[in-house]
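Asker: The structure file protein14.txt (compact mmCIF, C-alpha atoms and all ligand atoms) is provided below.
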```
# COMPACT_ATOMS: atom_id res chain seq x y z
CA MET A 10 35.05 -8.15 -19.85
CA THR A 11 31.34 -8.52 -19.44
CA ASN A 12 29.50 -10.59 -16.89
CA VAL A 13 26.41 -10.80 -19.09
CA VAL A 14 25.80 -14.42 -20.02
CA LYS A 15 23.10 -16.08 -22.04
CA ALA A 16 20.83 -18.06 -19.72
CA THR A 17 21.92 -21.56 -20.80
CA PRO A 18 21.50 -24.55 -18.44
CA LYS A 19 25.23 -24.30 -17.59
CA ALA A 20 24.98 -20.56 -16.87
CA LEU A 21 21.97 -21.25 -14.65
CA GLN A 22 23.98 -23.79 -12.67
CA ASP A 23 26.80 -21.27 -12.21
CA ALA A 24 24.28 -18.61 -11.22
CA GLY A 25 22.75 -20.97 -8.66
CA ASP A 26 26.24 -21.51 -7.17
CA ILE A 27 26.79 -17.76 -6.95
CA ILE A 28 23.49 -17.29 -5.09
CA ARG A 29 24.27 -20.19 -2.71
CA LYS A 30 27.65 -18.61 -1.92
CA GLY A 31 26.04 -15.29 -1.04
CA GLY A 32 26.58 -13.53 -4.38
CA LEU A 33 24.29 -11.39 -6.54
CA VAL A 34 22.77 -12.42 -9.86
CA ALA A 35 20.61 -10.22 -12.06
CA PHE A 36 17.98 -12.23 -13.91
CA PRO A 37 14.98 -11.75 -16.17
CA THR A 38 11.42 -12.14 -14.99
CA GLU A 39 8.25 -11.64 -17.03
CA THR A 40 7.94 -8.12 -15.56
CA VAL A 41 11.40 -6.52 -15.26
CA TYR A 42 14.94 -7.74 -14.47
CA GLY A 43 15.56 -8.49 -10.80
CA LEU A 44 18.71 -8.28 -8.70
CA GLY A 45 18.71 -11.51 -6.73
CA ALA A 46 20.30 -12.86 -3.57
CA ASP A 47 19.55 -15.79 -1.27
CA ALA A 48 16.54 -14.50 0.66
CA LEU A 49 17.56 -16.53 3.72
CA ASN A 50 21.10 -15.06 3.84
CA PRO A 51 20.94 -11.60 5.47
CA GLN A 52 24.49 -10.66 4.43
CA ALA A 53 23.79 -11.45 0.80
CA VAL A 54 20.56 -9.43 1.01
CA ALA A 55 22.49 -6.50 2.51
CA ARG A 56 24.60 -6.37 -0.66
CA ILE A 57 21.44 -5.76 -2.71
CA PHE A 58 20.78 -2.59 -0.73
CA GLU A 59 24.38 -1.43 -1.21
CA VAL A 60 24.45 -2.05 -4.95
CA LYS A 61 21.08 -0.34 -5.50
CA ASN A 62 21.76 2.43 -3.07
CA ARG A 63 18.37 1.56 -1.71
CA PRO A 64 17.15 2.89 1.64
CA ARG A 65 16.91 0.18 4.27
CA PHE A 66 13.27 1.04 4.96
CA ASP A 67 12.27 -0.31 1.55
CA PRO A 68 11.40 -4.03 1.79
CA LEU A 69 12.13 -6.63 -0.90
CA ILE A 70 9.99 -9.19 -2.71
CA VAL A 71 10.83 -12.85 -2.07
CA HIS A 72 10.61 -14.95 -5.26
CA ILE A 73 9.69 -18.61 -5.05
CA ALA A 74 9.39 -21.51 -7.48
CA ASP A 75 7.30 -23.92 -5.38
CA PHE A 76 3.89 -23.38 -3.84
CA PHE A 77 4.84 -25.03 -0.53
CA GLU A 78 7.25 -22.14 0.15
CA VAL A 79 4.26 -19.92 0.94
CA GLU A 80 3.64 -21.76 4.19
CA HIS A 81 7.33 -21.72 4.99
CA LEU A 82 7.69 -17.97 4.56
CA CYS A 83 4.42 -16.57 5.85
CA HIS A 84 1.50 -17.12 8.19
CA SER A 85 -2.20 -17.39 7.63
CA PRO A 86 -2.60 -17.38 3.88
CA ASN A 87 -6.33 -16.55 3.80
CA LYS A 88 -9.01 -17.59 1.29
CA LYS A 89 -8.42 -14.57 -0.91
CA ALA A 90 -4.68 -15.23 -0.98
CA GLU A 91 -5.32 -18.85 -1.90
CA LYS A 92 -7.64 -17.88 -4.74
CA LEU A 93 -5.20 -15.34 -6.14
CA ILE A 94 -2.28 -17.75 -5.91
CA GLU A 95 -4.21 -20.49 -7.62
CA ARG A 96 -5.40 -18.27 -10.42
CA PHE A 97 -2.39 -16.01 -11.08
CA TRP A 98 0.83 -17.78 -10.03
CA PRO A 99 3.25 -18.04 -11.60
CA GLY A 100 2.65 -14.46 -12.74
CA PRO A 101 2.99 -10.73 -12.18
CA LEU A 102 1.28 -10.61 -8.79
CA THR A 103 3.01 -10.02 -5.45
CA ILE A 104 1.06 -10.77 -2.30
CA ILE A 105 1.74 -9.42 1.16
CA LEU A 106 1.05 -11.59 4.20
CA PRO A 107 2.32 -11.79 7.80
CA LYS A 108 5.88 -13.13 7.71
CA SER A 109 7.23 -16.25 9.40
CA LYS A 110 10.37 -16.43 11.55
CA VAL A 111 12.59 -17.65 8.72
CA VAL A 112 12.32 -14.30 6.94
CA SER A 113 14.86 -11.87 8.34
CA ASP A 114 14.24 -8.22 9.10
CA ILE A 115 16.57 -6.99 6.43
CA VAL A 116 14.30 -8.50 3.74
CA THR A 117 11.14 -6.94 5.12
CA ALA A 118 12.76 -3.72 6.40
CA GLY A 119 11.58 -4.61 9.86
CA LEU A 120 7.93 -5.01 8.86
CA SER A 121 5.94 -7.93 10.24
CA THR A 122 4.78 -8.72 6.71
CA VAL A 123 6.53 -10.21 3.70
CA ALA A 124 5.97 -9.76 -0.04
CA ILE A 125 6.04 -12.97 -2.08
CA ARG A 126 5.68 -13.84 -5.72
CA MET A 127 6.22 -16.74 -8.11
CA PRO A 128 7.51 -15.27 -11.36
CA ALA A 129 6.33 -16.64 -14.72
CA HIS A 130 9.70 -16.74 -16.45
CA PRO A 131 11.60 -19.99 -17.05
CA VAL A 132 14.97 -18.37 -16.29
CA ALA A 133 13.75 -16.96 -12.97
CA LEU A 134 12.10 -20.24 -11.96
CA ASN A 135 15.15 -22.31 -12.92
CA LEU A 136 17.48 -19.96 -11.08
CA ILE A 137 15.45 -20.31 -7.89
CA LYS A 138 15.51 -24.10 -8.29
CA GLU A 139 19.27 -24.17 -8.98
CA ALA A 140 19.92 -21.96 -5.96
CA GLY A 141 17.74 -24.19 -3.80
CA ALA A 142 16.48 -21.15 -1.90
CA PRO A 143 13.93 -18.40 -2.29
CA ILE A 144 15.45 -15.34 -3.93
CA ALA A 145 14.99 -11.81 -2.66
CA ALA A 146 15.02 -9.44 -5.60
CA PRO A 147 14.12 -5.84 -6.27
CA SER A 148 14.21 -4.48 -9.79
CA ALA A 149 17.85 -4.39 -10.94
CA ASN A 150 18.20 -0.61 -11.20
CA PRO A 151 19.74 2.03 -8.95
CA PHE A 152 17.10 3.17 -6.44
CA GLY A 153 14.57 5.57 -7.94
CA TYR A 154 15.75 5.08 -11.55
CA LEU A 155 13.93 3.45 -14.48
CA SER A 156 13.46 -0.30 -14.14
CA PRO A 157 15.48 -2.52 -16.50
CA THR A 158 13.71 -4.62 -19.12
CA THR A 159 16.82 -5.93 -20.90
CA ALA A 160 20.14 -7.36 -19.73
CA GLY A 161 21.80 -4.35 -21.41
CA HIS A 162 19.91 -1.95 -19.11
CA VAL A 163 21.23 -3.85 -16.10
CA ARG A 164 24.80 -3.84 -17.43
CA GLU A 165 24.71 -0.10 -18.09
CA GLN A 166 23.30 0.76 -14.67
CA ILE A 167 24.91 -1.61 -12.18
CA GLY A 168 26.87 -4.05 -14.36
CA GLU A 169 30.19 -3.94 -12.57
CA LYS A 170 28.62 -4.39 -9.15
CA VAL A 171 26.90 -7.72 -9.68
CA ASP A 172 28.49 -11.15 -10.01
CA MET A 173 26.52 -12.24 -13.05
CA ILE A 174 23.78 -10.96 -15.35
CA LEU A 175 21.67 -13.70 -16.90
CA ASP A 176 20.45 -12.60 -20.32
CA GLY A 177 16.98 -13.90 -21.13
CA GLY A 178 15.99 -11.25 -23.66
CA LYS A 179 13.43 -8.50 -23.23
CA CYS A 180 10.87 -8.85 -20.42
CA PRO A 181 7.49 -9.65 -21.99
CA ILE A 182 5.27 -7.70 -19.58
CA GLY A 183 7.58 -4.76 -19.05
CA VAL A 184 6.15 -3.21 -15.88
CA GLU A 185 6.62 -4.49 -12.33
CA SER A 186 4.23 -6.87 -10.61
CA THR A 187 1.00 -5.72 -9.02
CA VAL A 188 1.52 -5.59 -5.23
CA ILE A 189 -1.52 -6.46 -3.10
CA ASP A 190 -1.69 -6.32 0.68
CA LEU A 191 -3.83 -9.19 2.01
CA THR A 192 -3.14 -8.69 5.70
CA GLU A 193 -6.37 -6.80 6.39
CA ALA A 194 -9.97 -7.80 5.73
CA GLU A 195 -10.10 -5.48 2.74
CA PRO A 196 -7.41 -6.21 0.11
CA LEU A 197 -5.42 -3.16 -0.92
CA ILE A 198 -3.44 -2.76 -4.13
CA LEU A 199 -0.29 -0.91 -3.10
CA ARG A 200 1.20 -0.80 -6.58
CA PRO A 201 -0.72 -1.21 -9.85
CA GLY A 202 1.34 -3.44 -12.13
CA GLY A 203 1.45 -6.23 -14.66
CA LEU A 204 -1.80 -7.82 -13.48
CA SER A 205 -4.75 -5.48 -13.90
CA LEU A 206 -7.13 -4.43 -11.13
CA GLU A 207 -9.99 -5.79 -13.24
CA GLU A 208 -8.40 -9.28 -13.36
CA VAL A 209 -7.85 -9.28 -9.59
CA GLU A 210 -11.42 -8.16 -8.87
CA ALA A 211 -12.83 -10.86 -11.15
CA VAL A 212 -11.41 -13.43 -8.73
CA ILE A 213 -11.73 -11.92 -5.23
CA GLY A 214 -14.28 -9.14 -5.68
CA LYS A 215 -13.82 -5.47 -4.86
CA VAL A 216 -10.34 -4.36 -3.87
CA LYS A 217 -9.14 -0.94 -2.86
CA LEU A 218 -6.55 0.82 -4.94
CA SER A 219 -4.19 2.71 -2.70
CA THR A 220 -4.74 6.40 -3.24
CA THR A 221 -1.31 6.80 -1.73
CA ASP A 222 -0.81 9.10 1.12
CA TYR A 223 2.60 10.07 -0.17
CA SER A 224 3.73 11.49 3.12
CA LYS A 225 3.63 8.01 4.68
CA PRO A 226 4.41 5.39 2.09
CA ARG A 227 3.17 1.93 3.06
CA SER A 228 5.02 0.57 0.10
CA PRO A 229 8.05 2.62 -0.83
CA GLY A 230 7.31 2.05 -4.52
CA GLN A 231 4.76 4.72 -3.61
CA LEU A 232 7.42 7.36 -3.10
CA PRO A 233 6.41 10.42 -5.12
CA ARG A 234 9.46 10.48 -7.38
CA HIS A 235 10.33 7.01 -8.47
CA TYR A 236 11.00 5.07 -11.67
CA SER A 237 12.51 8.31 -12.96
CA PRO A 238 14.65 8.99 -15.98
CA ARG A 239 17.48 11.52 -15.52
CA THR A 240 15.85 13.79 -18.11
CA PRO A 241 12.89 15.79 -16.76
CA ILE A 242 9.58 14.40 -17.91
CA LYS A 243 6.27 16.16 -18.32
CA ILE A 244 2.92 14.50 -18.91
CA LEU A 245 0.94 16.24 -21.63
CA LYS A 246 -2.70 16.94 -20.96
CA GLU A 247 -5.09 16.59 -23.92
CA ALA A 248 -5.35 20.33 -24.49
CA GLU A 249 -1.67 20.91 -24.11
CA PHE A 250 0.07 19.61 -27.18
CA GLU A 251 2.22 22.63 -27.58
CA PHE A 252 5.35 24.05 -26.09
CA PRO A 253 4.73 26.03 -22.94
CA ASN A 254 4.92 29.83 -23.44
CA VAL A 255 7.83 29.98 -21.10
CA GLU A 256 11.35 29.36 -22.27
CA ILE A 257 11.30 26.78 -25.04
CA PRO A 258 13.56 23.85 -24.25
CA LYS A 259 16.07 23.08 -26.95
CA LYS A 260 15.82 19.37 -27.34
CA VAL A 261 12.45 17.76 -26.72
CA GLY A 262 11.58 14.08 -26.97
CA LEU A 263 8.11 12.57 -27.11
CA LEU A 264 6.78 9.37 -25.61
CA ALA A 265 3.62 8.93 -27.67
CA PHE A 266 0.88 6.42 -26.96
CA MET A 267 -0.29 5.51 -30.49
CA HIS A 268 1.14 8.20 -32.78
CA PRO A 269 2.25 11.77 -32.22
CA LYS A 270 -0.77 14.08 -32.32
CA GLU A 271 1.29 17.19 -32.94
CA LYS A 272 4.00 17.94 -35.41
CA LEU A 273 6.32 19.61 -32.97
CA PRO A 274 10.00 19.52 -33.72
CA TYR A 275 10.74 16.56 -31.50
CA GLU A 276 14.29 15.28 -31.62
CA VAL A 277 13.15 11.74 -30.90
CA VAL A 278 9.72 10.14 -30.83
CA GLU A 279 9.01 6.76 -29.30
CA VAL A 280 5.59 5.17 -29.80
CA LEU A 281 4.27 2.81 -27.13
CA SER A 282 1.79 0.92 -29.31
CA SER A 283 0.69 2.04 -32.76
CA ARG A 284 -2.45 -0.10 -32.46
CA GLY A 285 -3.30 1.30 -29.03
CA ASP A 286 -2.82 -1.99 -27.20
CA LEU A 287 -2.11 -1.31 -23.53
CA ARG A 288 -0.26 -4.61 -23.06
CA GLU A 289 2.08 -3.77 -25.89
CA ALA A 290 2.43 -0.25 -24.48
CA ALA A 291 3.41 -1.61 -21.06
CA ALA A 292 5.92 -4.01 -22.60
CA ASN A 293 7.59 -1.08 -24.41
CA PHE A 294 7.29 1.50 -21.65
CA PHE A 295 10.60 1.28 -19.78
CA THR A 296 12.58 0.29 -22.89
CA GLN A 297 11.49 3.43 -24.69
CA LEU A 298 11.98 5.68 -21.70
CA HIS A 299 15.51 4.29 -21.42
CA ARG A 300 16.07 5.18 -25.07
CA LEU A 301 14.68 8.69 -24.66
CA ASP A 302 16.76 9.17 -21.52
CA ALA A 303 19.92 8.23 -23.42
CA ALA A 304 19.19 10.70 -26.24
CA GLY A 305 20.63 13.79 -24.52
CA LEU A 306 17.29 15.63 -24.39
CA ASP A 307 16.36 18.66 -22.27
CA ILE A 308 12.88 17.34 -21.58
CA ILE A 309 10.67 14.36 -22.40
CA TYR A 310 6.98 14.98 -23.07
CA ALA A 311 4.73 12.00 -22.49
CA GLU A 312 1.18 11.44 -23.69
CA SER A 313 -1.33 9.99 -21.26
CA VAL A 314 -2.76 6.53 -21.88
CA PRO A 315 -6.29 5.36 -20.94
CA GLU A 316 -6.48 4.35 -17.29
CA VAL A 317 -7.88 0.87 -17.64
CA GLY A 318 -6.13 -2.50 -17.50
CA LEU A 319 -2.37 -2.09 -17.74
CA GLY A 320 -2.92 1.61 -18.46
CA ARG A 321 -3.12 2.12 -14.69
CA ALA A 322 0.38 0.76 -14.19
CA ILE A 323 1.72 2.90 -17.03
CA MET A 324 0.15 6.13 -15.72
CA ASP A 325 1.33 5.34 -12.19
CA ARG A 326 4.94 5.01 -13.44
CA LEU A 327 4.61 8.13 -15.60
CA ARG A 328 3.34 10.24 -12.72
CA ARG A 329 6.11 9.11 -10.45
CA ALA A 330 8.71 9.58 -13.19
CA SER A 331 7.51 13.16 -13.64
CA GLY A 332 7.25 13.80 -9.92
CA ASP A 333 3.68 14.92 -10.63
CA VAL A 334 1.62 13.03 -8.11
CA LYS A 335 -1.09 15.60 -7.56
CA GLN A 336 -2.92 14.25 -10.61
CA TYR A 337 -3.82 11.17 -8.60
O1 LIG A 401 7.90 -7.25 -10.89
C1 LIG A 401 8.44 -7.08 -9.80
O2 LIG A 401 7.80 -7.01 -8.75
C2 LIG A 401 9.98 -6.97 -9.78
C3 LIG A 401 10.55 -8.31 -10.22
C4 LIG A 401 12.06 -8.35 -10.12
O3 LIG A 401 9.97 -9.33 -9.45
N1 LIG A 401 10.43 -6.59 -8.49
C5 LIG A 401 10.23 -5.35 -7.98
O4 LIG A 401 10.79 -5.17 -6.74
O5 LIG A 401 9.64 -4.47 -8.57
P1 LIG A 401 10.98 -3.72 -6.10
O6 LIG A 401 11.79 -3.96 -4.89
O7 LIG A 401 11.56 -2.81 -7.11
O8 LIG A 401 9.55 -3.31 -5.70
C6 LIG A 401 8.88 -4.00 -4.65
C7 LIG A 401 7.82 -3.16 -4.07
C8 LIG A 401 8.39 -1.96 -3.36
O9 LIG A 401 7.57 -0.85 -3.64
C9 LIG A 401 8.32 -2.36 -1.90
O10 LIG A 401 8.21 -1.25 -1.07
C10 LIG A 401 7.07 -3.21 -1.88
O11 LIG A 401 7.12 -3.93 -3.08
N2 LIG A 401 7.09 -4.14 -0.74
C11 LIG A 401 7.90 -5.19 -0.51
N3 LIG A 401 7.63 -5.79 0.65
C12 LIG A 401 6.59 -5.11 1.20
C13 LIG A 401 5.84 -5.25 2.40
N4 LIG A 401 6.11 -6.20 3.30
N5 LIG A 401 4.84 -4.36 2.62
C14 LIG A 401 4.56 -3.40 1.72
N6 LIG A 401 5.23 -3.22 0.56
C15 LIG A 401 6.24 -4.06 0.30
MG MG A 402 11.91 -1.17 -8.19
```
Go ahead and express the file in the form of structure tokens.
Answerer:
Amino acid sequence: MTNVVKATPKALQDAGDIIRKGGLVAFPTETVYGLGADALNPQAVARIFEVKNRPRFDPLIVHIADFFEVEHLCHSPNKKAEKLIERFWPGPLTIILPKSKVVSDIVTAGLSTVAIRMPAHPVALNLIKEAGAPIAAPSANPFGYLSPTTAGHVREQIGEKVDMILDGGKCPIGVESTVIDLTEAEPLILRPGGLSLEEVEAVIGKVKLSTTDYSKPRSPGQLPRHYSPRTPIKILKEAEFEFPNVEIPKKVGLLAFMHPKEKLPYEVVEVLSSRGDLREAAANFFTQLHRLDAAGLDIIYAESVPEVGLGRAIMDRLRRASGDVKQY
């Protein structure tokens, strides 16, 4: 029996009941699928950590459907926060502000700040409304593994451990939200994501992009090896479209940006965007890595993409997936 259900109005009502009773519902957002629980119920939130096998030091994002919740959940939304919220919510932007008393320590991993976002997906927004509470939700994957962009990914990875999986099709953006810390005078992007740095800067001026001191992650999405497939992955440098001289792996897959530049005997090739569109590439990124990871390969080679717009989020995920963070 499967607990994957199409996100009909009836299913949304049932899902809201599950959340209210302290259960877990996986649901689509415009970025990736989330694993949701009532953010104001610490026991329900604890189950998220168990199911994901997620370390308790890694805080969760609280998802809201109404703007007034911001004042309920955090203190001192500043001018920059207000501008970003007005311009980009609902959307793929998570903001970090000092938390209020209603947010428990388990959600924020003991930090004095909380991450909040209003997702731009009708299923996510309706679920929050049906539940009548903000929903704490990380991506619905086991900790450190590739994020899910379809209900099928969720079912394969953690299906039997959640009460319901709402199927709302493939996530249109395909990479996680951009996380921006607004607690200090100078805004800091902790995780490049579905909203580009350029778009953020157009509204609030210069922001810093975390260069990530990996020894001390401020945001655990910054852990060096994260978003990883089980198959080893290697990022190809321009001059390197050849097998290494060392032992030739038997089964090689390629994650190409536009089209494979080399005619190597790849077992499987997945193309991110044949017209070189970074949005399309981001939308396909996790889906195609999932496919490559399921193909029984010895190694996945990945081409680099240009580091502008959503290309930053893609390269960030690729570097973490390959464990190769020195290229930063
Ligand atoms: O697109 C997304 O953001 C998806 C969908 C489901 O909304 N969610 C998601 O959640 O990616 P998660 O838990 O996989 O990633 C949240 C990131 C983590 O890197 C976490 O460490 C960081 O946000 N984070 C959460 N609260 C934080 C805080 N108070 N300070 C710093 N980083 C925080
Ligand atoms: Mg995640």
Asker: Residues within 6 Å of ligand LIG 401 (chain A), counting all atoms listed in the file: report them as a VMD selection string.
Answerer: chain A and resid 40 to 43 67 to 70 105 117 120 122 to 124 146 to 148 185 to 186 227 to 230
Asker: Dump C-alpha atoms for the selected residues as a PDB file, in the frame of the given file?
Answerer:
```pdb
ATOM      1  CA  THR A  40       7.940  -8.120 -15.560  1.00  0.00           C
ATOM      2  CA  VAL A  41      11.400  -6.520 -15.260  1.00  0.00           C
ATOM      3  CA  TYR A  42      14.940  -7.740 -14.470  1.00  0.00           C
ATOM      4  CA  GLY A  43      15.560  -8.490 -10.800  1.00  0.00           C
ATOM      5  CA  ASP A  67      12.270  -0.310   1.550  1.00  0.00           C
ATOM      6  CA  PRO A  68      11.400  -4.030   1.790  1.00  0.00           C
ATOM      7  CA  LEU A  69      12.130  -6.630  -0.900  1.00  0.00           C
ATOM      8  CA  ILE A  70       9.990  -9.190  -2.710  1.00  0.00           C
ATOM      9  CA  ILE A 105       1.740  -9.420   1.160  1.00  0.00           C
ATOM     10  CA  THR A 117      11.140  -6.940   5.120  1.00  0.00           C
ATOM     11  CA  LEU A 120       7.930  -5.010   8.860  1.00  0.00           C
ATOM     12  CA  THR A 122       4.780  -8.720   6.710  1.00  0.00           C
ATOM     13  CA  VAL A 123       6.530 -10.210   3.700  1.00  0.00           C
ATOM     14  CA  ALA A 124       5.970  -9.760  -0.040  1.00  0.00           C
ATOM     15  CA  ALA A 146      15.020  -9.440  -5.600  1.00  0.00           C
ATOM     16  CA  PRO A 147      14.120  -5.840  -6.270  1.00  0.00           C
ATOM     17  CA  SER A 148      14.210  -4.480  -9.790  1.00  0.00           C
ATOM     18  CA  GLU A 185       6.620  -4.490 -12.330  1.00  0.00           C
ATOM     19  CA  SER A 186       4.230  -6.870 -10.610  1.00  0.00           C
ATOM     20  CA  ARG A 227       3.170   1.930   3.060  1.00  0.00           C
ATOM     21  CA  SER A 228       5.020   0.570   0.100  1.00  0.00           C
ATOM     22  CA  PRO A 229       8.050   2.620  -0.830  1.00  0.00           C
ATOM     23  CA  GLY A 230       7.310   2.050  -4.520  1.00  0.00           C
TER      24      GLY A 230
END
```
Asker: Identify which of the residues A:Trp98, A:Phe77, A:Phe36, A:Tyr154 lies closest to Asn62 in chain A, counting all atoms listed in the file when measuring atom-to-atom distances.
Answerer: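 Using all atoms listed in the file, the shortest distance to Asn62 in chain A belongs to A:Tyr154.
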Asker: What separation in Å, quoted to one decimal, exists between CA of Pro274 in chain A and CA of Ile244 in chain A?
Answerer: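 So the two atoms, CA of Pro274 in chain A and CA of Ile244 in chain A, lie 17.2 Å apart.
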Asker: Enumerate, as an NGL selection string, the protein, DNA and RNA residues whose atoms approach (18.9, -2.0, -12.2) to within 8 Å, taking into account all atoms listed in the file and the coordinate frame of the file.
Answerer: :A and (42-44 or 61 or 148-152 or 154-157 or 162-163 or 166-167)
Asker: Using only C-alpha atoms, determine which residues lie at most 9 Å from Asp176 in chain A, disregarding the query and same-chain residues fewer than 4 positions distant; provide the list as a PDB file with C-alpha atoms, in the frame of the given file.
Answerer:
```pdb
ATOM      1  CA  VAL A  13      26.410 -10.800 -19.090  1.00  0.00           C
ATOM      2  CA  VAL A  14      25.800 -14.420 -20.020  1.00  0.00           C
ATOM      3  CA  LYS A  15      23.100 -16.080 -22.040  1.00  0.00           C
ATOM      4  CA  ALA A  16      20.830 -18.060 -19.720  1.00  0.00           C
ATOM      5  CA  ALA A  35      20.610 -10.220 -12.060  1.00  0.00           C
ATOM      6  CA  PHE A  36      17.980 -12.230 -13.910  1.00  0.00           C
ATOM      7  CA  PRO A  37      14.980 -11.750 -16.170  1.00  0.00           C
ATOM      8  CA  VAL A 132      14.970 -18.370 -16.290  1.00  0.00           C
ATOM      9  CA  THR A 159      16.820  -5.930 -20.900  1.00  0.00           C
ATOM     10  CA  ALA A 160      20.140  -7.360 -19.730  1.00  0.00           C
ATOM     11  CA  GLY A 161      21.800  -4.350 -21.410  1.00  0.00           C
TER      12      GLY A 161
END
```
Asker: So how far away is CA of Lys179 in chain A from CA of Ala140 in chain A, in Å?
Answerer: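 So the answer is 22.8 Å.
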Asker: Out of A:Met324, A:Ile57, A:Leu206, A:Ile308, which residue has the shortest atom-to-atom distance to ligand MG 402 (chain A) when counting all atoms listed in the file?
Answerer: A:Ile57
Asker: Which residue gives the smallest distance to Ala303 in chain A among A:Gly119, A:Gly262, A:Pro315, A:Gly25, with only C-alpha atoms counted?
Answerer: A:Gly262
Asker: May I ask for the distance between CA of Gly202 in chain A and CA of Ile189 in chain A, given in Å to one decimal place?
Answerer: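 For CA of Gly202 in chain A relative to CA of Ile189 in chain A, the distance reads 9.9 Å.
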Asker: With all atoms listed in the file as the counted atoms, please give the residues lying no more than 10 Å from Val280 in chain A, apart from itself and same-chain residues fewer than 6 positions off, as a ChimeraX atom specification.
Answerer: /A:263-269,290,293-294,297,312
Asker: Measuring between only C-alpha atoms, which one of A:Ile73, A:Ala90, A:Leu134, A:Ile144 shows the shortest distance to Ile28 in chain A?
Answerer: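 Ranked by minimum distance to Ile28 in chain A, first place goes to A:Ile144.
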Asker: Counting all atoms listed in the file, find the residues whose atoms lie at most 10 Å from (8.9, 7.6, -13.1) (file coordinates) and write them out as number ranges by chain.
Answerer: A: 153-156, 233-239, 241-242, 295, 298, 323-333
Asker: Those same residues - C-alpha atoms - I'd like them written as an mmCIF file, keeping the file's coordinate frame.
Answerer:
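Printed below is selection07.cif as written:
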```cif
data_model
loop_
_atom_site.group_PDB
_atom_site.id
_atom_site.type_symbol
_atom_site.label_atom_id
_atom_site.label_comp_id
_atom_site.auth_asym_id
_atom_site.auth_seq_id
_atom_site.Cartn_x
_atom_site.Cartn_y
_atom_site.Cartn_z
ATOM 1 C CA GLY A 153 14.570 5.570 -7.940
ATOM 2 C CA TYR A 154 15.750 5.080 -11.550
ATOM 3 C CA LEU A 155 13.930 3.450 -14.480
ATOM 4 C CA SER A 156 13.460 -0.300 -14.140
ATOM 5 C CA PRO A 233 6.410 10.420 -5.120
ATOM 6 C CA ARG A 234 9.460 10.480 -7.380
ATOM 7 C CA HIS A 235 10.330 7.010 -8.470
ATOM 8 C CA TYR A 236 11.000 5.070 -11.670
ATOM 9 C CA SER A 237 12.510 8.310 -12.960
ATOM 10 C CA PRO A 238 14.650 8.990 -15.980
ATOM 11 C CA ARG A 239 17.480 11.520 -15.520
ATOM 12 C CA PRO A 241 12.890 15.790 -16.760
ATOM 13 C CA ILE A 242 9.580 14.400 -17.910
ATOM 14 C CA PHE A 295 10.600 1.280 -19.780
ATOM 15 C CA LEU A 298 11.980 5.680 -21.700
ATOM 16 C CA ILE A 323 1.720 2.900 -17.030
ATOM 17 C CA MET A 324 0.150 6.130 -15.720
ATOM 18 C CA ASP A 325 1.330 5.340 -12.190
ATOM 19 C CA ARG A 326 4.940 5.010 -13.440
ATOM 20 C CA LEU A 327 4.610 8.130 -15.600
ATOM 21 C CA ARG A 328 3.340 10.240 -12.720
ATOM 22 C CA ARG A 329 6.110 9.110 -10.450
ATOM 23 C CA ALA A 330 8.710 9.580 -13.190
ATOM 24 C CA SER A 331 7.510 13.160 -13.640
ATOM 25 C CA GLY A 332 7.250 13.800 -9.920
ATOM 26 C CA ASP A 333 3.680 14.920 -10.630
#
```
Asker: Which residues, written as a list in words, have at least one atom at most 12 Å from Glu193 in chain A, with all atoms listed in the file counted and residues fewer than 4 positions away on the same chain left out?
Answerer: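 So, after excluding close chain neighbours, the residues are Ser85, Pro86, Asn87, Lys89, Ala90, Ile105, Leu106, Pro107, Thr122, Ile189, Leu197, Ile198, Val216 and Lys217 of chain A.
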Asker: Got a minute to add N, CA, C and O atoms to range 20-25 of chain A and dump it as a short mmCIF file (atom, residue, chain, number, x, y, z; two decimals), keeping the file's coordinate frame?
Answerer:
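File result_9.cif, as written:
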```cif
data_model
loop_
_atom_site.label_atom_id
_atom_site.label_comp_id
_atom_site.auth_asym_id
_atom_site.auth_seq_id
_atom_site.Cartn_x
_atom_site.Cartn_y
_atom_site.Cartn_z
N ALA A 20 24.93 -21.88 -17.52
CA ALA A 20 24.98 -20.56 -16.87
C ALA A 20 24.05 -20.54 -15.65
O ALA A 20 24.36 -19.93 -14.62
N LEU A 21 22.91 -21.20 -15.78
CA LEU A 21 21.97 -21.25 -14.65
C LEU A 21 22.56 -22.00 -13.46
O LEU A 21 22.37 -21.60 -12.31
N GLN A 22 23.30 -23.07 -13.76
CA GLN A 22 23.98 -23.79 -12.67
C GLN A 22 24.99 -22.88 -11.97
O GLN A 22 25.03 -22.79 -10.74
N ASP A 23 25.79 -22.19 -12.78
CA ASP A 23 26.80 -21.27 -12.21
C ASP A 23 26.11 -20.18 -11.39
O ASP A 23 26.56 -19.82 -10.30
N ALA A 24 25.00 -19.67 -11.92
CA ALA A 24 24.28 -18.61 -11.22
C ALA A 24 23.73 -19.12 -9.88
O ALA A 24 23.79 -18.42 -8.86
N GLY A 25 23.24 -20.37 -9.89
CA GLY A 25 22.75 -20.97 -8.66
C GLY A 25 23.86 -21.06 -7.62
O GLY A 25 23.65 -20.78 -6.43
#
```
